[in-house]
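The block underneath contains the structure these notes are about, expressed in structure tokens.
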Amino acid sequence: MTGARIAAWAGYVAAATFLAAFLLLPVGVILHQGLDRTLLYEALAHPVYRAGLVNSLGIAVVVTAIALALAVPLAWLGARVRFRGQAIAESLLLAPLILPSFVGAIGVFQIFGQYGVINAALARLGLCAIDAAPDWLGDHRFALVCVVEALGLFPILYLNTAANLARLDGSLIEAAAGLGAGPWTRLRRIVLPLITPGLFAGGIIVFVGAFTELGTPLVLGYQRALPVQIFAGLNEVSSNRLPFAQVVIMLTVATGLYLGARLLVLRRIDAGAAKGGAQVPPRRLTGWRAALAWLPFALVIAMAVAPHLAVLLTAVAGEWYRSVLPSGWTAQHYRDALGHEQVVPAIVNSLRYAGAASVLGVVLGVFIAWVGTRWKPPGWRALDAVAMLPLAVPGVIMAFGYLGLANLPGWKRWLDPVENPTLILIIAYGVRRLPQVVRAAAAGFAQAPVVFEEAAASLGAGPFTRLRRITLPLIAGAIGAGAMLVFSSSMLEVSDSLVLAQKREFYPVTKVIYDLLAILGPGPAIACAFATWAMVFLATALAATAALRGTDIPSLFRDQK
Amino acid sequence: MSAAVQRPARWRRAVIALLPLLVVAVPVALRPTLPPPAEKAVQVTVVSPHSEMTRGEFGRRFQVWARRELHVEVDFDWRSLGGTGDIVRYLDSQYVLGFAEAFPAHRVHAGSIASTALDRPEDPSKPDAGRPARLAARAAFLASDVGIGIDLFWGGGEIPHRQQAEKGYLVDAGLLTAEPTWFGEGRAIPPTLSGETMYDAKGRYYGACLSSFGICANVDRLSALGLLAPRQWDDLADPRLLGATIIADPTRSGAVLACLERIVQQAMARAVQRGVAEPAALAAGWSDGVNLIKRITANAGFVSDGASLAVRAVAHGDVAVGMAIDFHGRAESEWSRASDGGERLSYLTPVGGSSYSADPIALLRGAGRRARSEPPETAALRRQVAVAFMRFVLSPEGQRVWNHRVGTSHGPVRYNLRRLPIRRDVYSTDDRAMMSDPGVDPFAEAAAFTYRPKWTGPYYRLLGALVKAVALDPQDELTAAWRAIIAAGGPARVPKAAAAFAWLPVDYASAGEAAKTLGDDAQRLATLRGWTVTAQERYRLAARLAREGR
């Protein structure tokens with residue numbers, strides 16, 4: 001066995017051991033309590049919990065449809081044309097990635113509440129009295145849950161699609177055009193089949209993500225959804241084991257859907273469809289054509305950044321009640337938030353946790369993707385499937401799993417989150433976004449032509465040289481996207497942060513925001529002020545990374561340098 | 001990279017790359033200058049669901065007090081584990097682990113150390129061979145000083161504290177003997193107030209402040225609906241409020257369940273006042289009370305998991321009316337006042353419908369102990385300081401922090417806490433002049449309601465499970481039925497529909513039997529599912545009957 005082969009096997013064993021210890025074991029701790037025939041029967045026989053399961057699947061279907069409808073045309077347009085301000089438009093589309101979810105809820109309420117922005121605007125326009133305006137939160141809850149979730153999740157799909165479109169082999173499209181295929185035929189017969197792996201990778205993440213999403217339905221008061229029912233059960237004052245059985249059901253359904261979709265879709269992917277040399281040059285638009293191209297972007301951006309704007313304004317609003325815009329302004333909330341003694345230590349903590357988690361997530365994710373696309377040793381499917389597990393387990397369940405793990409005899413000494421949660425938080429954050437990193441990297445590998453590596457191999461390059469010199473540069477975009485995704489979602493992660501960080505000196509940013517929220521009276525405004533800081537920080541961090549690489553934010557995620 | 005993306009100029013790139021540092025610099029510049037932590041400070045560890053405001057205000061005050069009175073520097077380690085339920089689960093797991101480590105011989109039975117069932121005599125009909133070993137483990141635990149590295153448990157309500165005391169997690173802090181003038185009938189802290197326990201007779205926990213439940217209402221929403229501010233719980237079931245109220249889930253909050261229990265007790269008290277003989281009055285009150293809760297739930301447009309969310313939803317006008325913990329209601333009412341001073345959120349305690357219960361502080365078993373290698377005197381000092389903190393919280397000086405205004409000599413430094421002191425002697429005229437809520441007199445208001453543990457105490461858990469099974473879980477069907485009944489002109493116009501709507505699986509006479517079935521996990525789940533299934537059927541039937549005008 002060559003040295004490279006030994007190293008590859010060592011890496012394989014290490015990755016498998018890591019996933020077994022920090023993914024299977026915590027999930028196992030939870031499942032252990034739910035794998036009980038009586039409990040499973042009760043969870044399935046209960047009509048309200050069955051309805052919760054059906055509703056959650058309904059949410060997932062609608063959210064995926066909306067996200068596809070938003071992301072694919074925009075990504076296609078973004079790839080086919082160039083217009084002034086395009087980089088800004090595409091950057092703004094990614095805004096949902098930097099919004100802390102529970103603060104976003106404050107924004108959603110401010111917009112859709114009875115006395116919120118929309119109804120105030122309707123009243124202002126003379127369309128109806130504010131008290132007779134629609135009860136958006138009460139009467140259109142399912143729709144609202146779907147729209148809010150879709151707006152939060154579509155950037156993942158947009159990034160995937162855009163990255164895939166950028167890797168498209170232009171010569172195929174040109175050939176089709178040369179043979180007389182019109183734009184629609186080209187889209188249907190050439191482009192869509194070619195970007196299917198990317199669409200699938202993004203689509204399944206959105207689907208399962210929406211299926212297990214807790215925050216949005218919880219905050220909007222949509223009770224009959226499985227994750228909300230599980231959360232409510234876990235939070236019961238007296239102990240209740242039913243939620244653990246419901247977790248088993250949710251996990252089974254999510255895994256089944258994922259594997260089923262993978263079998264159905266990925267089987268049909270043409271392995272030869274890979275990135276080619278020539279790209280179709282995009283058309284440069286000016287004048288009214290550029291304005292027309294801006295329009296769909298502007299519409300989606302307006303919806304996507306509305307919660308951010310509401311959070312931003314809440315942080316500086318003296319009063320915001322029955323009016324379109326705040327009626328008074330103050331800087332006090334910023335002073336209270338940023339001057340808080342816990343803020344600076346929390347920022348330092350979060351940077352440490354998120355930075356280390358990004359490294360962990362990317363190293364692990366890219367390796368697992370490489371194993372599954374290039375090497376395929378025995379058991380690679382199992383490794384790949386396990387890496388997808390975080391998708392199917394809601395964050396709060398994982399958090400309790402980690403807590404259970406840390407309490408196992410022998411583990412407590414070095415993992416006890418009470419003593420120091422740094423290690424367990426880094427692992428939890430890194431593992432949380434593993435599916436996205438693996439899928440993005442796998443899509444990158446799938447479309448990076450094997451021929452280059454084969455050529456290098458024939459010239460005597462070893463596997464690591466090939467990985468370092470050929471493969472990794474080809475999928476740098478996917479890796480960059482993965483790293484930034486892990487970093488920003490770790491900075492904003494809620495479940496693990498609330499459950500695992502128990503000592504003040506280890507609080508990350510989100511836990512401090514949560515604490516600020518509890519201040520009577522101005523709490524939400526102060527929390528919004530600190531959340532705005534977090535959003536600005538993440539935005540500037542993305543901009544700085546892009547500037548250092550000499551590119552713009554959207555290209556960070558799909559750049560092929 | 002695509003050719004269309006232009007490389008920004010080098011200086012521009014440098015500026016953009018520095019931006020995140022600039023953003024981080026802002027909070028660093030605004031950072032408050034804190035005195036460096038004193039060397040040799042005694043660290044007190046407190047687990048508490050209290051908010052950062054409460055912890056900060058009491059922590060700072062006590063540090064000054066301890067420096068002055070005890071000549072020690074104190075450093076607090078606040079443990080935030082989420083809600084009271086999370087804290088209880090944590091205590092359970094940690095004491096089992098701690099005990100197993102300290103008593104390897106009893107390790108197998110460590111799970112039984114907190115089993116209060118062992119305190120009762122053995123049921124002769126069910127001989128239990130493992131009982132002596134489990135009893136031995138529990139006895140060893142109760143005689144031990146097993147610690148979990150935490151000294152105090154503060155907040156969360158009287159019932160959780162009572163339960164932890166019975167499990168053996170809380171120990172006597174000795175304040176009843178150390179401060180005999182504070183506790184007792186006619187003294188600063190009475191043993192009971194409106195039937196509620198203010199402190200444990202064995203000294204294991206002490207009420208630190210009072211809390212009650214009330215109704216908050218959005219003035220603008222109410223006037224649009226043409227309603228006056230609700231004064232009683234019954235007003236929350238007003239058909240005109242359909243979809244415009246918010247309730248909290250009693251299975252997720254002990255405080256909310258306690259509030260619902262008082263709604264049932266109020267209905268019972270009313271039946272007694274009507275002159276009905278007590279057994280029949282209690283039965284009627286049970287049915288009236290639970291059905292009132294059902295109508296309130298049917299009206300609810302939102303179910304919230306936290307009590308504070310409910311108040312904010314009302315303040316913003318997302319709903320018109322909600323139930324609220326007193327200090328949330330009062331604080332939000334003040335905060336949401338319009339710039340012209342007009343009131344937007346009203347809060348009131350329903351007279352005769354709510355009691356004042358104690359929110360305690362307690363010393364945990366093994367308080368003061370940390371690493372085994374530590375000298376015993378270090379642990380003893382830590383325990384002493386922890387008890388001193390309890391004493392400070394209960395002293396007149398500490399009690400004033402709860403409700404005196406920011407800036408007054410005894411008040412908090414940053415935030416008005418708006419909670420009510422438990423000591424009668426800090427409601428003097430001088431004190432009231434400095435209080436945030438000078439008009440509130442819990443000791444007078446408590447007279448309008450007497451909590452009778454006997455009436456509903458044994459069915460406390462049953463009530464929560466019942467409300468979840470017949471009101472919250474089938475809320476969609478419940479609301480649809482209620483909507484149809486209202487559309488048909490109200491319950492009186494469609495008596496058959498109203499009867500189907502008012503179905504309950506458990507009457508007062510069978511409550512004891514039903515409560516027993518809830519002990520066993522499998523049986524409990526099957527029972528609750530059965531209730532929900534029947535409830536859904538009854539509510540669908542009620543909706544149909546109402547539409548048919550019957």
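Chain lettering (A, B, ...) mirrors the order of the structure tokens, residue numbering begins at 1 for each chain separately, and ligand numbering begins at 1 in order of display.
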Residues near B:Glu477, cut-off 8 Å, only C-alpha atoms, skip fewer than 5 positions along chain, as a PDB file with N, CA and C atoms, in the first residue's frame:
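Below is the file selection29.pdb, written as the result:
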ATOM      1  N   GLN B 536     -62.122  15.818  19.542  1.00  0.00           N
ATOM      2  CA  GLN B 536     -62.242  16.258  18.140  1.00  0.00           C
ATOM      3  C   GLN B 536     -63.610  15.880  17.589  1.00  0.00           C
ATOM      4  N   TYR B 539     -66.315  18.134  19.053  1.00  0.00           N
ATOM      5  CA  TYR B 539     -66.280  19.513  18.547  1.00  0.00           C
ATOM      6  C   TYR B 539     -66.769  19.566  17.103  1.00  0.00           C
ATOM      7  N   ARG B 540     -66.455  18.528  16.327  1.00  0.00           N
ATOM      8  CA  ARG B 540     -66.980  18.508  14.948  1.00  0.00           C
ATOM      9  C   ARG B 540     -68.495  18.396  14.982  1.00  0.00           C
TER      10      ARG B 540
END
Skipping near chain neighbours, those fewer than 6 positions away, what residues fall within 6 Å of A:Thr330 using only C-alpha atoms, listed as a PDB file with C-alpha atoms, in the first residue's frame?
ATOM      1  CA  VAL A 316     -33.447  52.948  16.268  1.00  0.00           C
ATOM      2  CA  ALA A 317     -37.180  53.458  16.722  1.00  0.00           C
ATOM      3  CA  GLY A 318     -38.426  55.499  19.625  1.00  0.00           C
TER       4      GLY A 318
END
Residues of chain A at most 6 Å from chain B: nearest atom pair and distance in Å, only C-alpha atoms, as CSV:
residue,atom,partner,partner_atom,distance
A:His46,CA,B:Arg529,CA,5.8
A:Gly113,CA,B:Asp318,CA,5.1
A:Gln114,CA,B:Asp318,CA,5.0
A:Tyr115,CA,B:Gly317,CA,5.9
A:Gly221,CA,B:Phe302,CA,5.7
A:Asn235,CA,B:Arg252,CA,5.6
A:Glu236,CA,B:Arg252,CA,4.4
A:Val237,CA,B:Gly85,CA,4.8
A:Leu338,CA,B:Pro27,CA,4.9
A:Gly339,CA,B:Leu30,CA,4.9
A:Gln502,CA,B:Ser80,CA,5.2
A:Lys503,CA,B:Arg79,CA,5.6
A:Gly521,CA,B:Trp335,CA,5.1
A:Phe537,CA,B:Pro20,CA,5.7
A:Thr540,CA,B:Pro20,CA,5.2
A:Ala541,CA,B:Pro20,CA,5.4
A:Ala544,CA,B:Ala17,CA,4.0
A:Ala547,CA,B:Arg13,CA,5.0
A:Gly550,CA,B:Arg7,CA,5.6
A:Asp559,CA,B:Met1,CA,5.4
A:Gln560,CA,B:Met1,CA,5.7
A:Lys561,CA,B:Met1,CA,5.6
Selection export as an mmCIF file, in the first residue's frame, atoms kept: C-alpha atoms:
data_model
loop_
_atom_site.group_PDB
_atom_site.id
_atom_site.type_symbol
_atom_site.label_atom_id
_atom_site.label_comp_id
_atom_site.auth_asym_id
_atom_site.auth_seq_id
_atom_site.Cartn_x
_atom_site.Cartn_y
_atom_site.Cartn_z
ATOM 1 C CA HIS A 46 -52.521 10.371 17.640
ATOM 2 C CA GLY A 113 -48.942 42.454 12.739
ATOM 3 C CA GLN A 114 -52.425 43.937 12.934
ATOM 4 C CA TYR A 115 -50.847 47.347 13.564
ATOM 5 C CA GLY A 221 -47.805 30.307 16.224
ATOM 6 C CA ASN A 235 -40.366 21.716 27.090
ATOM 7 C CA GLU A 236 -43.096 20.213 29.195
ATOM 8 C CA VAL A 237 -42.492 20.778 32.855
ATOM 9 C CA LEU A 338 -23.117 47.675 22.477
ATOM 10 C CA GLY A 339 -22.195 49.118 25.865
ATOM 11 C CA GLN A 502 -24.302 27.872 30.364
ATOM 12 C CA LYS A 503 -21.559 29.959 31.907
ATOM 13 C CA GLY A 521 -39.788 46.851 27.995
ATOM 14 C CA PHE A 537 -20.299 42.418 10.963
ATOM 15 C CA THR A 540 -18.495 43.310 6.160
ATOM 16 C CA ALA A 541 -16.734 40.006 6.805
ATOM 17 C CA ALA A 544 -13.700 41.746 3.173
ATOM 18 C CA ALA A 547 -12.100 41.998 -1.489
ATOM 19 C CA GLY A 550 -10.255 40.311 -5.542
ATOM 20 C CA ASP A 559 -15.866 31.467 -8.159
ATOM 21 C CA GLN A 560 -13.877 28.956 -10.119
ATOM 22 C CA LYS A 561 -10.407 30.373 -9.716
#
Excluding stretch 357-364 of chain A and any residue of its chain fewer than 3 positions from it, enumerate the residues within 10 Å of it, using only C-alpha atoms, and give them as an NGL selection string. :A and (11-12 or 14-16 or 18-19 or 351-354 or 367-370 or 387 or 423 or 425-438 or 441 or 478-491)
What does the distance from atom CA of A:Trp294 to atom CA of A:Leu556 come to in Å, to one decimal?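 Between these atoms lies a distance of 21.0 Å.
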Taking only C-alpha atoms into account, name the residue in B:Asp288, B:Glu261, B:Asp92, B:Asp75 that is nearest to B:Arg382.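 When distances to B:Arg382 are compared using only C-alpha atoms, the smallest one comes from B:Asp75.
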For B:Gln163, find every residue with an atom within 12 Å (counting only C-alpha atoms), except residues of its own chain fewer than 5 positions away, and show them as a count of residues only. 18
Shell of 8 Å around stretch 392-396 of chain B, only C-alpha atoms, local chain residues under 5 positions omitted, as number ranges by chain: B: 58, 62, 208, 423, 425-426
Name all residues at most 10 Å from stretch 467-476 of chain A (count only C-alpha atoms; drop same-chain ones fewer than 4 positions away) and give them as JSON, numbers by chain. {"A": [167, 275, 366, 370, 440, 441, 442, 443, 444, 445, 446, 447, 448, 449, 450, 452, 453, 456, 461, 462, 463, 480, 481, 482, 556, 557, 558, 559, 560, 561]}
Give me, as a list in words, the residues of stretch 386-436 of chain B that a backbone DSSP run labels helix (DSSP H, G or I).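 After running DSSP on the backbone, stretch 386-436 of chain B has helix (DSSP H, G or I) at Ala386, Val387, Ala388, Phe389, Met390, Arg391, Phe392, Val393, Leu394, Pro396, Glu397, Gly398, Gln399, Arg400, Val401, Trp402, Asn403, Arg424, Asp425, Val426, Thr429, Asp430, Asp431, Arg432, Ala433 and Met434 of chain B.
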Please produce an output containing N, CA and C atoms for each residue in the selection, written as a short mmCIF file (atom, residue, chain, number, x, y, z; two decimals), in the first residue's frame.
data_model
loop_
_atom_site.label_atom_id
_atom_site.label_comp_id
_atom_site.auth_asym_id
_atom_site.auth_seq_id
_atom_site.Cartn_x
_atom_site.Cartn_y
_atom_site.Cartn_z
N ALA B 386 -22.98 32.01 50.28
CA ALA B 386 -24.22 31.70 49.56
C ALA B 386 -25.42 31.94 50.46
N VAL B 387 -25.32 31.49 51.71
CA VAL B 387 -26.42 31.72 52.65
C VAL B 387 -26.57 33.22 52.92
N ALA B 388 -25.44 33.91 52.97
CA ALA B 388 -25.50 35.36 53.18
C ALA B 388 -26.24 36.04 52.03
N PHE B 389 -26.05 35.52 50.82
CA PHE B 389 -26.79 36.10 49.69
C PHE B 389 -28.30 35.89 49.86
N MET B 390 -28.68 34.68 50.30
CA MET B 390 -30.10 34.43 50.55
C MET B 390 -30.64 35.43 51.58
N ARG B 391 -29.86 35.60 52.63
CA ARG B 391 -30.26 36.49 53.70
C ARG B 391 -30.38 37.93 53.19
N PHE B 392 -29.44 38.30 52.31
CA PHE B 392 -29.48 39.65 51.73
C PHE B 392 -30.76 39.82 50.90
N VAL B 393 -31.07 38.83 50.07
CA VAL B 393 -32.25 38.93 49.21
C VAL B 393 -33.51 39.09 50.06
N LEU B 394 -33.54 38.43 51.23
CA LEU B 394 -34.73 38.47 52.08
C LEU B 394 -34.72 39.67 53.05
N PRO B 396 -34.64 43.66 54.37
CA PRO B 396 -35.32 44.84 53.84
C PRO B 396 -34.50 45.51 52.74
N GLU B 397 -33.19 45.57 52.89
CA GLU B 397 -32.34 46.22 51.89
C GLU B 397 -32.46 45.51 50.54
N GLY B 398 -32.37 44.19 50.57
CA GLY B 398 -32.47 43.43 49.32
C GLY B 398 -33.87 43.49 48.74
N GLN B 399 -34.87 43.43 49.60
CA GLN B 399 -36.25 43.43 49.14
C GLN B 399 -36.62 44.70 48.38
N ARG B 400 -35.97 45.80 48.75
CA ARG B 400 -36.29 47.08 48.09
C ARG B 400 -35.82 47.10 46.63
N VAL B 401 -34.84 46.25 46.32
CA VAL B 401 -34.35 46.22 44.93
C VAL B 401 -35.47 45.79 43.98
N TRP B 402 -36.38 44.96 44.47
CA TRP B 402 -37.43 44.43 43.58
C TRP B 402 -38.32 45.51 42.97
N ASN B 403 -38.66 46.54 43.78
CA ASN B 403 -39.65 47.47 43.24
C ASN B 403 -39.29 48.94 43.35
N ARG B 424 -43.70 42.34 54.20
CA ARG B 424 -44.75 43.31 54.43
C ARG B 424 -44.16 44.68 54.83
N ASP B 425 -43.01 44.65 55.56
CA ASP B 425 -42.49 45.90 56.13
C ASP B 425 -41.79 46.80 55.10
N VAL B 426 -41.70 46.39 53.85
CA VAL B 426 -41.11 47.32 52.88
C VAL B 426 -42.19 47.95 52.00
N THR B 429 -45.12 53.88 53.80
CA THR B 429 -45.40 55.08 53.01
C THR B 429 -44.13 55.62 52.37
N ASP B 430 -43.05 55.62 53.14
CA ASP B 430 -41.77 56.09 52.60
C ASP B 430 -41.32 55.22 51.43
N ASP B 431 -41.48 53.90 51.62
CA ASP B 431 -41.09 52.99 50.55
C ASP B 431 -41.93 53.23 49.30
N ARG B 432 -43.24 53.35 49.52
CA ARG B 432 -44.14 53.51 48.37
C ARG B 432 -43.77 54.73 47.53
N ALA B 433 -43.27 55.77 48.19
CA ALA B 433 -42.89 56.98 47.45
C ALA B 433 -41.77 56.68 46.46
N MET B 434 -41.05 55.63 46.72
CA MET B 434 -39.91 55.31 45.84
C MET B 434 -40.15 54.08 44.96
#
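Interatomic distance, atom CA of A:Val54 to atom CA of A:Val72: 26.7 Å.
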Apply DSSP to the structure's backbone, then extract all residues of stretch 171-395 of chain B labelled strand (DSSP E or B) and return them as number ranges by chain. B: 171, 183, 189, 192-193, 196-197, 199, 205-211, 213-218, 245-248, 300-304, 321-325, 345-348, 357-364
Considering only C-alpha atoms, return as a VMD selection string whatever protein or nucleic-acid residues lie within 7 Å of A:Ala43, sequence-local ones (same chain, fewer than 4 positions apart) excluded. chain A and resid 39 49 242 245 to 246
Which one of A:Met388, A:Met250, A:Ala75, A:Leu172 sits closest to A:Gly198 if you count only C-alpha atoms?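 Smallest separation from A:Gly198 among the options: A:Ala75.
Proximity of B:Gly549, B:Gly155, B:Gly512, B:Val467 to B:Arg493, computed with only C-alpha atoms, is greatest for B:Gly549.
Relative to atom CA of A:Pro26, atom CA of A:Ala399 is found at 8.6 Å.
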